[in-house]
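Structure file work19.txt; described as compact mmCIF, C-alpha atoms.
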# COMPACT_ATOMS: atom_id res chain seq x y z
CA MET A 1 -13.76 45.68 -3.31
CA LEU A 2 -10.32 44.15 -3.23
CA THR A 3 -8.43 47.33 -2.39
CA SER A 4 -10.92 48.25 0.31
CA ALA A 5 -10.47 44.76 1.74
CA ILE A 6 -6.73 45.20 1.81
CA ASN A 7 -7.15 48.54 3.54
CA LEU A 8 -9.43 46.98 6.12
CA ILE A 9 -6.82 44.37 6.95
CA LEU A 10 -4.11 46.92 7.43
CA ALA A 11 -6.36 49.15 9.52
CA GLY A 12 -6.38 49.15 13.28
CA THR A 13 -4.97 46.30 15.23
CA ASN A 14 -5.83 43.65 12.66
CA LEU A 15 -2.36 43.10 11.35
CA SER A 16 -0.75 43.10 14.78
CA ARG A 17 -3.29 40.57 16.05
CA LEU A 18 -2.58 38.38 13.08
CA ILE A 19 1.12 38.51 13.83
CA GLU A 20 0.35 37.71 17.46
CA GLY A 21 -1.61 34.68 16.33
CA LEU A 22 1.29 33.71 14.13
CA GLY A 23 3.47 33.98 17.21
CA VAL A 24 1.30 31.45 18.99
CA THR A 25 1.53 29.14 15.99
CA ILE A 26 5.30 29.44 15.92
CA GLU A 27 5.58 29.05 19.68
CA ILE A 28 3.58 25.83 19.73
CA SER A 29 5.51 24.53 16.73
CA VAL A 30 8.92 25.31 18.18
CA LEU A 31 8.10 23.79 21.56
CA SER A 32 6.69 20.66 19.94
CA ILE A 33 9.72 20.33 17.68
CA PHE A 34 12.04 20.86 20.64
CA PHE A 35 10.47 18.23 22.88
CA GLY A 36 9.79 15.94 19.95
CA THR A 37 13.43 16.04 18.92
CA ILE A 38 14.60 15.01 22.37
CA LEU A 39 11.99 12.29 22.64
CA GLY A 40 12.47 11.04 19.09
CA GLY A 41 16.24 11.17 19.21
CA PHE A 42 16.31 9.15 22.40
CA LEU A 43 13.78 6.61 21.17
CA GLY A 44 15.41 6.38 17.75
CA LEU A 45 18.80 5.55 19.20
CA LEU A 46 17.22 2.97 21.47
CA TRP A 47 15.28 1.50 18.59
CA SER A 48 18.30 1.07 16.38
CA ASN A 49 20.00 -0.99 19.06
CA VAL A 50 17.16 -3.29 19.83
CA THR A 51 16.15 -6.55 18.20
CA GLY A 52 13.14 -8.79 17.89
CA ALA A 53 10.08 -8.28 20.02
CA GLU A 54 11.27 -5.02 21.53
CA ARG A 55 11.37 -3.50 18.06
CA GLY A 56 7.64 -4.15 17.89
CA PHE A 57 7.09 -1.79 20.78
CA PHE A 58 8.71 1.11 18.97
CA ARG A 59 7.05 0.26 15.70
CA THR A 60 3.63 0.19 17.38
CA TYR A 61 4.16 3.60 18.95
CA LEU A 62 5.11 4.97 15.54
CA GLU A 63 2.28 3.32 13.67
CA ILE A 64 -0.33 4.57 16.13
CA PHE A 65 0.67 8.13 15.35
CA ARG A 66 0.90 7.36 11.66
CA ILE A 67 -2.51 5.75 11.37
CA VAL A 68 -4.60 8.06 13.52
CA PRO A 69 -5.10 11.43 11.87
CA THR A 70 -4.10 14.43 13.96
CA ILE A 71 -7.60 15.75 14.61
CA PRO A 72 -8.86 12.67 16.49
CA LEU A 73 -5.56 12.55 18.37
CA LEU A 74 -5.99 16.13 19.46
CA PHE A 75 -9.55 15.52 20.60
CA LEU A 76 -8.49 12.42 22.48
CA PHE A 77 -5.99 14.41 24.50
CA TYR A 78 -8.16 17.46 24.87
CA TYR A 79 -11.53 15.92 25.73
CA THR A 80 -11.27 12.25 26.59
CA PHE A 81 -8.11 11.86 28.67
CA PRO A 82 -8.73 14.86 30.90
CA ARG A 83 -12.14 13.47 31.79
CA ASP A 84 -10.95 9.93 32.40
CA LEU A 85 -7.70 10.76 34.13
CA ASN A 86 -8.96 13.87 35.86
CA PHE A 87 -6.42 16.44 34.82
CA ASN A 88 -6.88 19.73 33.09
CA LEU A 89 -4.44 21.28 30.70
CA PRO A 90 -4.93 24.47 28.73
CA ALA A 91 -5.40 24.00 25.01
CA THR A 92 -1.92 25.21 24.11
CA ALA A 93 -0.31 22.73 26.50
CA VAL A 94 -2.35 19.88 25.07
CA SER A 95 -1.34 20.94 21.59
CA VAL A 96 2.36 20.89 22.47
CA LEU A 97 1.92 17.52 24.15
CA VAL A 98 0.20 15.91 21.19
CA PHE A 99 2.53 17.39 18.60
CA SER A 100 5.60 16.48 20.63
CA LEU A 101 4.46 12.88 20.85
CA TRP A 102 3.73 12.82 17.13
CA PHE A 103 7.04 14.45 16.25
CA GLY A 104 8.83 12.07 18.59
CA ALA A 105 7.25 9.05 16.92
CA GLU A 106 8.09 10.13 13.38
CA PHE A 107 11.53 11.40 14.32
CA SER A 108 12.45 8.17 16.07
CA ASP A 109 11.87 6.38 12.78
CA ILE A 110 14.02 8.89 10.92
CA VAL A 111 16.83 8.54 13.45
CA ARG A 112 16.63 4.77 13.42
CA ALA A 113 16.76 4.61 9.63
CA ALA A 114 19.66 7.06 9.46
CA VAL A 115 21.72 5.30 12.13
CA GLN A 116 21.12 1.93 10.52
CA SER A 117 22.09 3.28 7.14
CA VAL A 118 25.53 4.31 8.29
CA ALA A 119 27.68 1.41 7.17
CA LYS A 120 27.86 -1.40 9.64
CA GLY A 121 31.58 -1.41 9.07
CA GLN A 122 31.87 1.98 10.72
CA LYS A 123 30.48 0.68 13.96
CA GLU A 124 32.70 -2.38 13.92
CA SER A 125 35.79 -0.39 13.01
CA ALA A 126 35.09 1.98 15.85
CA TYR A 127 34.93 -0.88 18.31
CA ALA A 128 38.02 -2.41 16.76
CA ILE A 129 40.12 0.66 17.50
CA GLY A 130 38.88 0.61 21.05
CA LEU A 131 36.18 3.27 21.18
CA THR A 132 33.46 2.72 23.74
CA ALA A 133 29.85 2.59 22.60
CA TRP A 134 29.32 6.19 23.70
CA GLN A 135 32.46 7.37 21.90
CA SER A 136 31.63 5.51 18.71
CA TYR A 137 28.27 7.22 18.64
CA ARG A 138 29.64 10.62 19.47
CA TYR A 139 32.53 10.66 16.99
CA VAL A 140 31.67 8.18 14.25
CA LEU A 141 28.01 7.25 13.87
CA LEU A 142 26.07 10.38 14.76
CA PRO A 143 28.02 12.84 12.62
CA GLN A 144 27.48 10.62 9.60
CA SER A 145 23.80 10.05 10.37
CA LEU A 146 23.16 13.75 10.78
CA VAL A 147 23.50 14.22 7.04
CA ASN A 148 20.75 11.72 6.39
CA ILE A 149 18.55 13.11 9.12
CA LEU A 150 18.51 16.77 8.18
CA PRO A 151 16.21 16.82 5.09
CA ALA A 152 13.68 14.53 6.73
CA TYR A 153 13.92 16.58 9.94
CA ILE A 154 13.12 19.82 8.17
CA ASN A 155 10.37 18.09 6.22
CA LEU A 156 8.82 16.83 9.45
CA SER A 157 9.14 20.27 11.04
CA THR A 158 7.30 21.94 8.19
CA ARG A 159 4.58 19.32 8.52
CA ILE A 160 4.21 20.16 12.20
CA ILE A 161 3.98 23.86 11.42
CA LYS A 162 1.33 23.23 8.80
CA THR A 163 -0.69 20.95 11.02
CA THR A 164 -0.91 23.54 13.77
CA SER A 165 -3.66 24.97 11.59
CA ILE A 166 -5.86 22.25 13.11
CA LEU A 167 -5.60 23.87 16.50
CA LEU A 168 -8.44 26.22 15.66
CA LEU A 169 -10.69 23.25 16.39
CA ILE A 170 -9.77 23.28 20.07
CA SER A 171 -10.01 27.04 20.37
CA VAL A 172 -6.35 27.88 20.40
CA THR A 173 -5.99 31.49 19.38
CA GLU A 174 -3.54 30.95 16.60
CA VAL A 175 -3.26 32.83 13.36
CA ILE A 176 -6.25 31.28 11.58
CA THR A 177 -8.57 31.92 14.53
CA VAL A 178 -7.55 35.57 14.50
CA GLY A 179 -8.15 35.60 10.76
CA GLN A 180 -11.65 34.29 11.29
CA GLN A 181 -12.31 36.96 13.91
CA ILE A 182 -11.21 39.65 11.49
CA ILE A 183 -13.42 38.23 8.77
CA GLU A 184 -16.41 38.17 11.07
CA ALA A 185 -15.80 41.72 12.16
CA ASN A 186 -15.73 42.86 8.56
CA SER A 187 -18.42 40.62 7.15
CA SER A 188 -19.85 43.38 4.95
CA ASN A 189 -16.88 43.25 2.63
CA ARG A 190 -16.98 40.06 0.60
CA ALA A 191 -13.39 40.21 -0.50
CA VAL A 192 -12.02 40.18 3.06
CA PRO A 193 -11.82 36.36 3.41
CA LEU A 194 -9.81 36.19 0.21
CA VAL A 195 -7.24 38.67 1.43
CA VAL A 196 -7.09 37.33 4.98
CA TYR A 197 -6.65 33.69 4.02
CA GLY A 198 -4.32 34.66 1.22
CA LEU A 199 -2.21 36.58 3.72
CA ILE A 200 -2.18 33.70 6.19
CA ALA A 201 -1.21 31.35 3.38
CA LEU A 202 1.63 33.72 2.59
CA PHE A 203 2.80 33.60 6.22
CA TYR A 204 2.92 29.81 6.19
CA PHE A 205 4.60 29.85 2.81
CA LEU A 206 7.32 32.21 4.00
CA ILE A 207 8.05 30.21 7.14
CA ASN A 208 8.01 26.76 5.60
CA GLY A 209 9.54 27.87 2.33
CA THR A 210 12.49 29.40 4.14
CA LEU A 211 13.02 26.24 6.17
CA THR A 212 12.87 24.08 3.06
CA TRP A 213 15.23 26.35 1.19
CA LEU A 214 17.64 26.27 4.14
CA SER A 215 17.57 22.51 4.25
CA LYS A 216 18.32 22.25 0.53
CA LYS A 217 21.20 24.65 0.91
CA ILE A 218 22.67 22.70 3.81
CA GLU A 219 22.16 19.46 1.91
CA ARG A 220 24.07 20.75 -1.07
CA LYS A 221 26.89 22.02 1.08
CA VAL A 222 27.22 18.73 2.91
CA VAL A 223 27.16 16.72 -0.31
CA ALA A 224 29.83 18.96 -1.77
CA ASN A 225 31.96 18.48 1.33
CA ASP A 226 31.63 14.74 1.08
CA ARG A 227 33.45 14.81 -2.23
CA MET B 1 -18.26 3.14 27.42
CA SER B 2 -21.78 2.29 26.44
CA TRP B 3 -22.55 0.01 23.53
CA ILE B 4 -25.94 1.61 22.79
CA TYR B 5 -24.41 4.83 21.60
CA ILE B 6 -21.98 2.97 19.39
CA GLN B 7 -24.76 0.96 17.83
CA GLN B 8 -26.93 3.98 17.13
CA ALA B 9 -24.09 5.82 15.51
CA ILE B 10 -23.06 3.06 13.13
CA PRO B 11 -25.22 4.23 10.19
CA ALA B 12 -23.81 7.75 10.45
CA PHE B 13 -20.28 6.40 10.57
CA ILE B 14 -20.87 4.14 7.61
CA ASN B 15 -21.98 7.16 5.60
CA GLY B 16 -18.96 9.10 6.73
CA PHE B 17 -16.72 6.14 5.97
CA PHE B 18 -17.87 5.90 2.39
CA LEU B 19 -17.75 9.63 1.88
CA THR B 20 -14.16 9.71 3.13
CA LEU B 21 -13.38 6.80 0.83
CA LYS B 22 -15.04 8.48 -2.14
CA LEU B 23 -13.35 11.84 -1.65
CA ALA B 24 -10.00 10.19 -0.96
CA THR B 25 -10.22 7.98 -4.03
CA ILE B 26 -11.16 10.77 -6.41
CA GLY B 27 -8.55 13.02 -4.86
CA ILE B 28 -5.79 10.40 -4.98
CA ILE B 29 -6.48 9.42 -8.57
CA GLY B 30 -6.53 13.07 -9.56
CA ALA B 31 -3.33 13.66 -7.62
CA LEU B 32 -1.63 10.71 -9.31
CA LEU B 33 -2.58 11.94 -12.77
CA LEU B 34 -1.55 15.49 -12.01
CA GLY B 35 1.64 14.20 -10.42
CA ILE B 36 2.64 12.14 -13.45
CA VAL B 37 2.02 15.04 -15.82
CA VAL B 38 3.92 17.49 -13.64
CA ALA B 39 6.77 15.02 -13.06
CA PHE B 40 7.33 14.43 -16.75
CA TRP B 41 6.96 18.13 -17.43
CA LEU B 42 9.75 18.81 -14.95
CA TYR B 43 11.87 15.84 -16.04
CA TYR B 44 11.96 16.95 -19.65
CA GLN B 45 12.01 20.61 -18.65
CA VAL B 46 9.22 21.52 -21.01
CA ILE B 47 8.47 25.24 -21.32
CA GLY B 48 6.90 26.65 -18.18
CA HIS B 49 8.46 24.20 -15.76
CA HIS B 50 9.54 27.04 -13.53
CA VAL B 51 5.88 27.86 -12.93
CA LEU B 52 5.41 24.28 -11.83
CA ARG B 53 8.21 24.64 -9.32
CA VAL B 54 6.33 27.57 -7.84
CA TYR B 55 3.15 25.49 -7.76
CA ILE B 56 4.92 22.73 -5.87
CA ALA B 57 6.49 25.18 -3.44
CA VAL B 58 3.17 26.88 -2.67
CA SER B 59 1.13 23.70 -2.30
CA ARG B 60 3.71 21.98 -0.12
CA ASN B 61 4.38 24.85 2.23
CA THR B 62 0.83 25.90 3.00
CA PRO B 63 -1.57 23.85 5.12
CA LEU B 64 -4.44 22.06 3.39
CA LEU B 65 -6.79 23.81 5.79
CA ILE B 66 -5.80 27.23 4.51
CA GLN B 67 -6.05 26.05 0.93
CA LEU B 68 -9.59 24.83 1.63
CA PHE B 69 -10.56 28.05 3.40
CA PHE B 70 -9.11 30.08 0.57
CA ILE B 71 -11.12 28.22 -2.06
CA TYR B 72 -14.30 27.84 -0.02
CA TYR B 73 -14.46 31.19 1.79
CA GLY B 74 -12.07 33.36 -0.16
CA LEU B 75 -12.91 32.75 -3.81
CA PRO B 76 -16.59 33.71 -3.45
CA GLY B 77 -15.19 37.21 -2.85
CA ILE B 78 -14.25 37.40 -6.50
CA GLY B 79 -17.42 35.69 -7.56
CA LEU B 80 -16.22 32.09 -7.69
CA LYS B 81 -18.48 29.94 -5.49
CA ILE B 82 -17.39 26.32 -5.29
CA PRO B 83 -19.50 23.86 -3.25
CA ALA B 84 -17.93 22.04 -0.34
CA GLU B 85 -17.34 18.62 -1.88
CA GLN B 86 -15.75 20.04 -5.00
CA THR B 87 -13.58 22.28 -2.85
CA ALA B 88 -12.41 19.27 -0.91
CA ILE B 89 -11.52 17.35 -4.06
CA ILE B 90 -9.81 20.32 -5.68
CA GLY B 91 -7.82 20.94 -2.50
CA LEU B 92 -6.78 17.30 -2.25
CA ILE B 93 -5.74 17.17 -5.91
CA PHE B 94 -3.89 20.48 -5.64
CA LEU B 95 -1.93 19.36 -2.59
CA GLY B 96 -1.64 15.71 -3.51
CA GLY B 97 -0.55 16.47 -7.04
CA SER B 98 2.58 18.20 -5.89
CA TYR B 99 3.45 15.44 -3.41
CA MET B 100 2.93 12.83 -6.13
CA ALA B 101 4.92 14.88 -8.62
CA ASP B 102 7.84 14.96 -6.20
CA ALA B 103 7.58 11.22 -5.69
CA PHE B 104 7.39 10.46 -9.41
CA LEU B 105 10.20 12.86 -10.23
CA GLY B 106 12.38 11.14 -7.65
CA GLY B 107 11.54 7.83 -9.25
CA LEU B 108 12.25 9.07 -12.76
CA GLU B 109 15.57 10.53 -11.73
CA ALA B 110 16.49 7.30 -9.98
CA VAL B 111 16.45 5.36 -13.24
CA PRO B 112 20.13 4.69 -13.90
CA LYS B 113 21.63 6.83 -16.59
CA ILE B 114 23.01 3.69 -18.20
CA GLN B 115 19.50 2.63 -19.07
CA VAL B 116 18.78 5.88 -20.83
CA GLU B 117 22.10 5.90 -22.68
CA SER B 118 21.79 2.28 -23.76
CA GLY B 119 18.37 3.06 -25.09
CA GLN B 120 19.66 5.98 -27.07
CA VAL B 121 22.53 3.89 -28.42
CA ILE B 122 20.19 1.29 -29.85
CA GLY B 123 18.25 4.04 -31.55
CA LEU B 124 15.16 4.51 -29.43
CA SER B 125 13.35 7.79 -29.91
CA THR B 126 12.67 10.04 -26.94
CA TRP B 127 9.08 8.86 -26.87
CA GLN B 128 10.06 5.19 -27.02
CA LEU B 129 12.64 5.73 -24.32
CA ALA B 130 10.03 7.33 -22.11
CA ARG B 131 7.41 4.71 -22.81
CA TYR B 132 9.52 1.54 -22.52
CA VAL B 133 12.50 2.42 -20.35
CA ILE B 134 12.06 5.45 -18.15
CA PHE B 135 8.40 5.30 -17.26
CA PRO B 136 8.15 1.64 -16.13
CA GLN B 137 11.30 1.80 -14.04
CA GLY B 138 10.52 5.25 -12.76
CA ILE B 139 7.16 4.07 -11.46
CA LEU B 140 8.85 1.17 -9.72
CA TYR B 141 11.34 3.38 -7.94
CA SER B 142 8.71 5.88 -6.89
CA LEU B 143 6.27 3.34 -5.44
CA PRO B 144 7.38 3.56 -1.78
CA ALA B 145 6.99 7.32 -1.82
CA ILE B 146 3.68 7.05 -3.68
CA GLY B 147 2.43 4.65 -1.04
CA ALA B 148 3.39 6.96 1.78
CA ASN B 149 1.67 9.83 -0.02
CA ILE B 150 -1.53 7.84 -0.45
CA ILE B 151 -1.68 7.17 3.27
CA PHE B 152 -0.91 10.81 3.96
CA LEU B 153 -3.69 12.00 1.68
CA ILE B 154 -6.25 9.70 3.25
CA LYS B 155 -5.38 11.13 6.64
CA GLU B 156 -5.62 14.64 5.29
CA THR B 157 -9.28 14.04 4.44
CA SER B 158 -9.99 14.47 8.14
CA ILE B 159 -9.34 18.17 7.62
CA PHE B 160 -12.42 18.41 5.42
CA THR B 161 -14.36 18.60 8.62
CA VAL B 162 -13.67 22.32 8.77
CA ILE B 163 -15.82 22.96 5.71
CA ALA B 164 -18.62 20.88 7.14
CA ILE B 165 -18.23 17.83 4.95
CA PRO B 166 -19.79 14.86 6.75
CA GLU B 167 -16.80 12.53 6.49
CA ILE B 168 -15.51 10.36 9.33
CA THR B 169 -13.98 13.04 11.52
CA ASN B 170 -16.90 15.40 11.07
CA THR B 171 -19.38 12.66 11.88
CA ALA B 172 -17.53 11.90 15.09
CA LEU B 173 -17.11 15.52 16.16
CA ASP B 174 -20.73 16.25 15.34
CA LEU B 175 -21.98 13.34 17.42
CA ILE B 176 -19.69 14.31 20.28
CA GLY B 177 -21.16 17.77 20.13
CA GLN B 178 -24.63 16.30 20.40
CA ASN B 179 -24.17 13.62 23.03
CA TYR B 180 -20.87 14.36 24.79
CA ARG B 181 -20.01 10.66 24.61
CA SER B 182 -16.57 11.39 23.29
CA ASN B 183 -15.11 7.99 24.21
CA GLU B 184 -17.49 5.98 22.09
CA TYR B 185 -17.35 8.24 19.06
CA LEU B 186 -13.60 8.76 19.12
CA LEU B 187 -13.19 5.02 19.27
CA MET B 188 -15.45 4.56 16.26
CA MET B 189 -13.55 7.28 14.44
CA VAL B 190 -10.19 5.65 15.09
CA VAL B 191 -11.59 2.26 14.07
CA SER B 192 -12.99 3.69 10.83
CA TYR B 193 -9.63 5.13 9.84
CA ALA B 194 -7.84 1.99 10.95
CA ILE B 195 -10.07 -0.13 8.70
CA ILE B 196 -8.83 1.90 5.75
CA LEU B 197 -5.26 2.57 6.74
CA ILE B 198 -4.01 -0.64 8.33
CA PRO B 199 -4.71 -2.89 5.31
CA LEU B 200 -3.39 -0.16 3.03
CA SER B 201 -0.21 0.21 5.05
CA LEU B 202 0.35 -3.54 5.20
CA GLY B 203 -0.34 -3.86 1.48
CA LEU B 204 2.12 -1.12 0.65
CA SER B 205 4.82 -2.69 2.84
CA TRP B 206 4.27 -5.95 1.01
CA VAL B 207 4.60 -4.22 -2.36
CA GLU B 208 7.77 -2.48 -1.18
CA ARG B 209 9.29 -5.77 -0.07
CA ARG B 210 8.53 -7.37 -3.45
CA LEU B 211 10.15 -4.40 -5.15
CA ARG B 212 13.35 -4.62 -3.19
CA ARG B 213 13.98 -8.00 -4.78
CA VAL B 214 13.34 -6.56 -8.22
CA ASN B 215 15.94 -3.87 -7.70
CA PHE B 216 18.77 -6.36 -7.75
CA SER B 217 18.28 -6.92 -11.45
CA ASN B 218 20.88 -4.32 -12.36

Please render this file's structure as structure tokens.
Amino acid sequence: MLTSAINLILAGTNLSRLIEGLGVTIEISVLSIFFGTILGGFLGLLWSNVTGAERGFFRTYLEIFRIVPTIPLLFLFYYTFPRDLNFNLPATAVSVLVFSLWFGAEFSDIVRAAVQSVAKGQKESAYAIGLTAWQSYRYVLLPQSLVNILPAYINLSTRIIKTTSILLLISVTEVITVGQQIIEANSSNRAVPLVVYGLIALFYFLINGTLTWLSKKIERKVVANDR
Amino acid sequence: MSWIYIQQAIPAFINGFFLTLKLATIGIIGALLLGIVVAFWLYYQVIGHHVLRVYIAVSRNTPLLIQLFFIYYGLPGIGLKIPAEQTAIIGLIFLGGSYMADAFLGGLEAVPKIQVESGQVIGLSTWQLARYVIFPQGILYSLPAIGANIIFLIKETSIFTVIAIPEITNTALDLIGQNYRSNEYLLMMVVSYAIILIPLSLGLSWVERRLRRVNFSN
């Protein structure tokens, strides 16, 4: 049963469709990470320079995306807002929008924490030797914060990639949807779901595992350089 | 936004709320236990700890949804049929365990070496060291991460909707499918999660703040 299932998967266009679906997953993830990085970086830098009540604004934005699970968020943007605000976006665009906003929120917190963790003395010393705010960020603060940001950044990215699995709920044809189609087409063989979902799990594992491994490698290199 | 629909849906949401709570609680407790065991296993590098590293890598890099599908739809293929609720709990413990293990391990490793060495110098056995020095302090250091993980796991329960478990998200999506009043039901869904998560988040921040004062005791 198992070997016939494996043969079924490899037959015909099944594998290529799965890879296509994986491509959609990766595309949505990369776009979301890209936009989210810009948004989050910008907001994070702003946040770290702001005091008092204005901080509350950033914190609220972050906490909204932390408290609401992704599925309701997705449905909000896919069903509710289009009806109320009268615009229509395809499912993939909505997905990128929601994930970018989420990534931006989480990333802004990471950036803020990293920038604030670089010793206050660095900022003051930079001003003392006459660097402008822009220069002090460019040459002193950001390079040092980048070390702190990288592990959390990769961690967040892998979370985004994993959460794209949710998109099957708003009919995005990503890898799991294709998997389900294959399973339905071959419903006579009971071992097919095992192989299909196992394969998809392997895909995710390879992508995320590689990213995590990369981040650990970079981390070690940077720590070694610091000595 | 019509109040009638909200009112009529309250019983369903209450059921979903308590189911979410029940699954989350069992899952989190299981994850904590598994996490502690795995963390100590890794910390003392007991035989087989490499296998555990693989476990952590697999469970952290694959989505919970796939893990659930694999258990719920895949395993029956080799004759292992697990009902939906048990699948959900197993999935949560499997995933949560590795996140908790990472958090605990971080906490254990954060205990200053001086503590361990001092303990050894005054003649404590490995077991006494673990019980009186490493474990208490390790837990303290890992609490922020544990807190974040708990919140994460509660949010992950919304994924159970894909195997038709009538928790909060499923209740909302189901009702939306029936009545198309997405505004009302999404609002109730967000409120249900907020009722759980906001107090939890505030409580954990409070605990973290108390802990930061403790840390100066070194």

Rank A:Gln116, A:Thr80, A:Thr70, A:Asn14 by their smallest atom-to-atom distance to Asn49 (chain A), using all atoms listed in the file, and report the top residue only. A:Gln116

Within 9 Å of chain B, which residues of chain A show up? Give each one with its shortest atom-to-atom distance in Å (one decimal) and the two atoms involved, counting all atoms listed in the file, rows by chain then rising residue number, as a tab-separated table.
residue	atom	partner	partner_atom	distance
A:Met1	CA	B:Gly77	CA	8.6
A:Leu2	CA	B:Ile78	CA	8.5
A:Arg66	CA	B:Phe152	CA	8.6
A:Ile67	CA	B:Leu197	CA	6.3
A:Val68	CA	B:Val190	CA	6.3
A:Pro69	CA	B:Lys155	CA	5.2
A:Thr70	CA	B:Lys155	CA	8.1
A:Ile71	CA	B:Ser158	CA	7.0
A:Pro72	CA	B:Leu186	CA	6.7
A:Leu73	CA	B:Leu186	CA	8.9
A:Phe75	CA	B:Leu186	CA	8.0
A:Leu76	CA	B:Leu186	CA	7.1
A:Tyr79	CA	B:Ser182	CA	7.2
A:Thr80	CA	B:Asn183	CA	6.2
A:Thr158	CA	B:Asn61	CA	7.2
A:Arg159	CA	B:Pro63	CA	8.4
A:Ile161	CA	B:Pro63	CA	8.4
A:Lys162	CA	B:Pro63	CA	4.7
A:Thr163	CA	B:Pro63	CA	6.6
A:Thr164	CA	B:Pro63	CA	8.7
A:Ser165	CA	B:Leu65	CA	6.7
A:Ile166	CA	B:Leu65	CA	7.5
A:Leu169	CA	B:Val162	CA	8.2
A:Ile176	CA	B:Ile66	CA	8.2
A:Asn189	CA	B:Gly77	CA	8.3
A:Arg190	CA	B:Gly77	CA	4.8
A:Ala191	CA	B:Gly77	CA	4.2
A:Val192	CA	B:Gly77	CA	7.3
A:Pro193	CA	B:Gly74	CA	4.7
A:Leu194	CA	B:Gly74	CA	3.6
A:Val195	CA	B:Gly74	CA	7.4
A:Val196	CA	B:Gly74	CA	8.2
A:Tyr197	CA	B:Phe70	CA	5.6
A:Gly198	CA	B:Phe70	CA	6.7
A:Ile200	CA	B:Ile66	CA	7.6
A:Ala201	CA	B:Thr62	CA	5.8
A:Leu202	CA	B:Thr62	CA	7.9
A:Phe203	CA	B:Thr62	CA	8.6
A:Tyr204	CA	B:Thr62	CA	5.5
A:Phe205	CA	B:Asn61	CA	5.0
A:Leu206	CA	B:Asn61	CA	8.1
A:Ile207	CA	B:Asn61	CA	8.1
A:Asn208	CA	B:Asn61	CA	5.3
A:Gly209	CA	B:Asn61	CA	6.0
A:Thr212	CA	B:Asn61	CA	8.6

Straight-line distance linking CA of Val140 (chain A) with CA of Gly36 (chain A), stated in Å to one decimal: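 CA of Gly36 (chain A) lies at a distance of 23.9 Å from CA of Val140 (chain A).
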
What does the distance from CA of Leu167 (chain A) to CA of Ser95 (chain A) come to in Å, to one decimal?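 Spanning CA of Leu167 (chain A) to CA of Ser95 (chain A) is a straight-line distance of 7.3 Å.
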
Using all atoms listed in the file, can you list as a list in words the residues within 12 Å of (12.2, 16.9, -7.4)?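 So the residues meeting the distance criterion are Lys216 of chain A; Gly35, Val38, Ala39, Phe40, Trp41, Leu42, Tyr43, Gln45, His49, Leu52, Arg53, Ile56, Ala57, Ser98, Tyr99, Met100, Ala101, Asp102, Ala103, Phe104, Leu105, Gly106, Gly107, Leu108, Glu109, Ala110 and Ser142 of chain B.
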
For Gln137 (chain B), list every protein, DNA or RNA residue within 7 Å, evaluated using all atoms listed in the file, and leave out those in the same chain fewer than 4 positions away; present the list as a VMD selection string. chain B and resid 111 133 141

Could you rebuild region 36-43 of chain B with N, CA, C and O atoms and give it back as a PDB file, keeping the file's coordinate frame?
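Below you can see result.pdb, which holds the result:
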ATOM      1  N   ILE B  36       1.891  12.707 -12.318  1.00  0.00           N
ATOM      2  CA  ILE B  36       2.640  12.140 -13.450  1.00  0.00           C
ATOM      3  C   ILE B  36       2.900  13.216 -14.491  1.00  0.00           C
ATOM      4  O   ILE B  36       4.037  13.365 -14.986  1.00  0.00           O
ATOM      5  N   VAL B  37       1.851  13.987 -14.807  1.00  0.00           N
ATOM      6  CA  VAL B  37       2.020  15.040 -15.820  1.00  0.00           C
ATOM      7  C   VAL B  37       3.094  16.029 -15.384  1.00  0.00           C
ATOM      8  O   VAL B  37       4.018  16.335 -16.137  1.00  0.00           O
ATOM      9  N   VAL B  38       2.960  16.498 -14.133  1.00  0.00           N
ATOM     10  CA  VAL B  38       3.920  17.490 -13.640  1.00  0.00           C
ATOM     11  C   VAL B  38       5.328  16.914 -13.605  1.00  0.00           C
ATOM     12  O   VAL B  38       6.301  17.570 -13.979  1.00  0.00           O
ATOM     13  N   ALA B  39       5.442  15.637 -13.182  1.00  0.00           N
ATOM     14  CA  ALA B  39       6.770  15.020 -13.060  1.00  0.00           C
ATOM     15  C   ALA B  39       7.460  14.960 -14.418  1.00  0.00           C
ATOM     16  O   ALA B  39       8.630  15.320 -14.554  1.00  0.00           O
ATOM     17  N   PHE B  40       6.707  14.499 -15.429  1.00  0.00           N
ATOM     18  CA  PHE B  40       7.330  14.430 -16.750  1.00  0.00           C
ATOM     19  C   PHE B  40       7.660  15.814 -17.289  1.00  0.00           C
ATOM     20  O   PHE B  40       8.684  16.029 -17.936  1.00  0.00           O
ATOM     21  N   TRP B  41       6.732  16.756 -16.999  1.00  0.00           N
ATOM     22  CA  TRP B  41       6.960  18.130 -17.430  1.00  0.00           C
ATOM     23  C   TRP B  41       8.292  18.642 -16.871  1.00  0.00           C
ATOM     24  O   TRP B  41       9.081  19.256 -17.571  1.00  0.00           O
ATOM     25  N   LEU B  42       8.512  18.356 -15.587  1.00  0.00           N
ATOM     26  CA  LEU B  42       9.750  18.810 -14.950  1.00  0.00           C
ATOM     27  C   LEU B  42      10.952  18.009 -15.439  1.00  0.00           C
ATOM     28  O   LEU B  42      12.026  18.540 -15.637  1.00  0.00           O
ATOM     29  N   TYR B  43      10.749  16.707 -15.663  1.00  0.00           N
ATOM     30  CA  TYR B  43      11.870  15.840 -16.040  1.00  0.00           C
ATOM     31  C   TYR B  43      12.424  16.256 -17.388  1.00  0.00           C
ATOM     32  O   TYR B  43      13.629  16.311 -17.591  1.00  0.00           O
TER      33      TYR B  43
END
